[in-house]
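Below: one structure, written as structure tokens.
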Amino acid sequence: MIAGAAVLMTVVLPAAASDGVVTIKSGYSVAETVARIKKDVLKKGIMFFGVIDQAKLGNKAGNDVRPSRLVMFGNPALGTTFITSNPEAGLDWPVRVLVYQTPDGQVYAAYSDFDWIAKRHGITDRQAQFKMATEVIQSVTSSITKN
């Protein structure tokens, strides 16, 4: 049990330790990680908005950018409830997951913690919705870890 907890600690960096960013180590390449996230999102009936290939754009602009893609998705019925509480919450919706590769070849997925988003925007009247959003993002990102 202790070994399992140690493995989990190396896979997920809690939001509290990283200013609201949750980081999960992927067991796959950047392309496969993005494909797995997209597949899981669509399987759940969540709207998939697209992917921005930041490395491609950066490299085309003359910068040396390691593989990095921003994946965007969301459920308008859920996500816009945050905006009805505070319009500035639109800065954090739709959901965005950054999939990137580090210099040593490791691949990670990072996203904004929903409790942190609630605090950032002073939203105190949508606890159930934030809890649901947290459960969804945890489920989606579970598709990128290898057992």
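So you can find residues: chains in the structure tokens are A, B, ... in the order shown, residues in each start at 1, and ligands are numbered from 1 in order.
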(request) Please identify all polymer residues within 9 Å of segment 95-111 of chain A, counting only C-alpha atoms, omitting same-chain residues fewer than 4 positions from it, and present them as number ranges by chain. (result) A: 20-31, 33-34, 37, 66-75, 79, 137, 141, 144
(request) Apply DSSP to the structure's backbone, then extract all residues of chain A labelled alpha helix (DSSP H) and return them as number ranges by chain. (result) A: 2-11, 30-43, 54-60, 76-85, 114-120, 127-141
(message) I need the residue nearest Phe130 of chain A from this list: A:Asp113, A:Glu88, A:Asp19, A:Asp40. Use only C-alpha atoms for the distance.
(response) A:Asp113
(message) List as a PyMOL selection string the protein and nucleic acid residues near Pro76 of chain A, meaning an atom at most 10 Å away when only C-alpha atoms are counted, but skip any in the same chain fewer than 4 places from it.
(response) chain A and resi 46-47+80-81+93-94
Keeping only all heavy atoms, write the selected residues to a file as a PDB file, in the first residue's frame.
```pdb
ATOM      1  N   ILE A  46     -18.821  14.764 -24.211  1.00  0.00           N
ATOM      2  CA  ILE A  46     -18.368  16.134 -23.936  1.00  0.00           C
ATOM      3  C   ILE A  46     -17.971  16.780 -25.256  1.00  0.00           C
ATOM      4  O   ILE A  46     -17.417  16.131 -26.143  1.00  0.00           O
ATOM      5  CB  ILE A  46     -17.177  16.112 -22.953  1.00  0.00           C
ATOM      6  CG1 ILE A  46     -17.603  15.469 -21.629  1.00  0.00           C
ATOM      7  CG2 ILE A  46     -16.615  17.512 -22.734  1.00  0.00           C
ATOM      8  CD1 ILE A  46     -16.454  15.172 -20.683  1.00  0.00           C
ATOM      9  N   MET A  47     -18.240  18.068 -25.391  1.00  0.00           N
ATOM     10  CA  MET A  47     -17.907  18.788 -26.610  1.00  0.00           C
ATOM     11  C   MET A  47     -16.394  18.961 -26.725  1.00  0.00           C
ATOM     12  O   MET A  47     -15.738  19.422 -25.796  1.00  0.00           O
ATOM     13  CB  MET A  47     -18.590  20.159 -26.615  1.00  0.00           C
ATOM     14  CG  MET A  47     -18.455  20.903 -27.929  1.00  0.00           C
ATOM     15  SD  MET A  47     -19.428  22.441 -27.936  1.00  0.00           S
ATOM     16  CE  MET A  47     -21.073  21.777 -28.033  1.00  0.00           C
ATOM     17  N   THR A  80     -20.624  26.678 -18.308  1.00  0.00           N
ATOM     18  CA  THR A  80     -21.151  28.050 -18.299  1.00  0.00           C
ATOM     19  C   THR A  80     -21.833  28.415 -16.985  1.00  0.00           C
ATOM     20  O   THR A  80     -22.068  29.595 -16.738  1.00  0.00           O
ATOM     21  CB  THR A  80     -22.108  28.292 -19.488  1.00  0.00           C
ATOM     22  OG1 THR A  80     -23.189  27.366 -19.417  1.00  0.00           O
ATOM     23  CG2 THR A  80     -21.377  28.180 -20.819  1.00  0.00           C
ATOM     24  N   THR A  81     -22.110  27.414 -16.128  1.00  0.00           N
ATOM     25  CA  THR A  81     -22.666  27.764 -14.812  1.00  0.00           C
ATOM     26  C   THR A  81     -21.653  28.569 -14.004  1.00  0.00           C
ATOM     27  O   THR A  81     -22.032  29.402 -13.190  1.00  0.00           O
ATOM     28  CB  THR A  81     -23.102  26.528 -13.991  1.00  0.00           C
ATOM     29  OG1 THR A  81     -21.968  25.716 -13.713  1.00  0.00           O
ATOM     30  CG2 THR A  81     -24.178  25.746 -14.704  1.00  0.00           C
ATOM     31  N   TRP A  93     -12.739  28.610 -18.945  1.00  0.00           N
ATOM     32  CA  TRP A  93     -13.613  27.694 -19.650  1.00  0.00           C
ATOM     33  C   TRP A  93     -13.581  28.044 -21.125  1.00  0.00           C
ATOM     34  O   TRP A  93     -13.594  29.233 -21.452  1.00  0.00           O
ATOM     35  CB  TRP A  93     -15.064  27.781 -19.123  1.00  0.00           C
ATOM     36  CG  TRP A  93     -15.883  26.640 -19.643  1.00  0.00           C
ATOM     37  CD1 TRP A  93     -15.936  25.381 -19.133  1.00  0.00           C
ATOM     38  CD2 TRP A  93     -16.689  26.643 -20.808  1.00  0.00           C
ATOM     39  NE1 TRP A  93     -16.745  24.590 -19.914  1.00  0.00           N
ATOM     40  CE2 TRP A  93     -17.216  25.352 -20.959  1.00  0.00           C
ATOM     41  CE3 TRP A  93     -17.015  27.600 -21.775  1.00  0.00           C
ATOM     42  CZ2 TRP A  93     -18.040  24.986 -22.009  1.00  0.00           C
ATOM     43  CZ3 TRP A  93     -17.844  27.247 -22.813  1.00  0.00           C
ATOM     44  CH2 TRP A  93     -18.358  25.950 -22.924  1.00  0.00           C
ATOM     45  N   PRO A  94     -13.484  27.100 -22.055  1.00  0.00           N
ATOM     46  CA  PRO A  94     -13.583  25.679 -21.824  1.00  0.00           C
ATOM     47  C   PRO A  94     -12.361  25.133 -21.079  1.00  0.00           C
ATOM     48  O   PRO A  94     -11.348  25.808 -20.937  1.00  0.00           O
ATOM     49  CB  PRO A  94     -13.669  25.082 -23.227  1.00  0.00           C
ATOM     50  CG  PRO A  94     -12.985  26.066 -24.106  1.00  0.00           C
ATOM     51  CD  PRO A  94     -13.253  27.410 -23.478  1.00  0.00           C
TER      52      PRO A  94
END
```
(message) Just want the 12 Å neighbourhood of Lys119 of chain A, counted on only C-alpha atoms, with same-chain residues fewer than 4 positions away dropped. Output as a list of chain:residue names.
(response) A:Asp19, A:Gly20, A:Phe82, A:Asn86, A:Ala89, A:Ser112, A:Asp113, A:Phe114, A:Asp115, A:Ile123, A:Thr124, A:Asp125, A:Arg126, A:Gln127, A:Phe130
Write out, as a tab-separated table (two decimals), in the first residue's frame, the residues just selected, with N, CA, C and O atoms.
```tsv
chain	number	residue	atom	x	y	z
A	19	ASP	N	0.47	26.12	-7.42
A	19	ASP	CA	-0.35	27.29	-7.73
A	19	ASP	C	-1.55	26.97	-8.63
A	19	ASP	O	-1.80	27.64	-9.61
A	20	GLY	N	-2.28	25.91	-8.28
A	20	GLY	CA	-3.51	25.61	-9.00
A	20	GLY	C	-3.36	24.74	-10.22
A	20	GLY	O	-4.33	24.50	-10.92
A	82	PHE	N	-20.37	28.34	-14.24
A	82	PHE	CA	-19.34	29.11	-13.56
A	82	PHE	C	-19.38	30.56	-14.03
A	82	PHE	O	-19.22	31.49	-13.25
A	86	ASN	N	-19.72	34.21	-12.08
A	86	ASN	CA	-18.74	35.27	-12.26
A	86	ASN	C	-18.28	35.24	-13.71
A	86	ASN	O	-17.62	34.29	-14.12
A	89	ALA	N	-14.93	33.93	-14.95
A	89	ALA	CA	-14.63	32.50	-14.98
A	89	ALA	C	-14.52	32.01	-16.42
A	89	ALA	O	-13.96	30.93	-16.66
A	112	SER	N	-5.82	23.21	-14.89
A	112	SER	CA	-6.13	24.03	-13.72
A	112	SER	C	-7.08	23.29	-12.79
A	112	SER	O	-8.12	22.77	-13.23
A	113	ASP	N	-6.72	23.25	-11.52
A	113	ASP	CA	-7.54	22.62	-10.50
A	113	ASP	C	-8.85	23.40	-10.33
A	113	ASP	O	-8.84	24.63	-10.26
A	114	PHE	N	-9.96	22.70	-10.28
A	114	PHE	CA	-11.25	23.39	-10.21
A	114	PHE	C	-11.48	24.09	-8.87
A	114	PHE	O	-12.14	25.14	-8.84
A	115	ASP	N	-10.96	23.57	-7.78
A	115	ASP	CA	-11.06	24.29	-6.50
A	115	ASP	C	-10.30	25.61	-6.58
A	115	ASP	O	-10.74	26.64	-6.08
A	123	ILE	N	-15.95	32.18	-6.53
A	123	ILE	CA	-17.23	31.50	-6.74
A	123	ILE	C	-17.49	30.55	-5.56
A	123	ILE	O	-16.75	29.60	-5.36
A	124	THR	N	-18.52	30.84	-4.81
A	124	THR	CA	-18.84	30.02	-3.64
A	124	THR	C	-20.21	29.34	-3.76
A	124	THR	O	-20.60	28.59	-2.87
A	125	ASP	N	-20.91	29.61	-4.85
A	125	ASP	CA	-22.27	29.07	-5.00
A	125	ASP	C	-22.39	27.97	-6.06
A	125	ASP	O	-23.48	27.69	-6.54
A	126	ARG	N	-21.29	27.33	-6.40
A	126	ARG	CA	-21.32	26.27	-7.41
A	126	ARG	C	-20.50	25.05	-6.99
A	126	ARG	O	-19.87	24.39	-7.80
A	127	GLN	N	-20.53	24.73	-5.69
A	127	GLN	CA	-19.71	23.62	-5.18
A	127	GLN	C	-20.01	22.30	-5.89
A	127	GLN	O	-19.09	21.57	-6.26
A	130	PHE	N	-18.48	22.38	-9.41
A	130	PHE	CA	-17.02	22.26	-9.39
A	130	PHE	C	-16.60	20.83	-9.03
A	130	PHE	O	-15.64	20.31	-9.58
```
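In this comparison, which uses only C-alpha atoms, the residue of A:Ile83, A:Leu91, A:Val136, A:Ile117 approaching Gly45 of chain A most closely is A:Val136.
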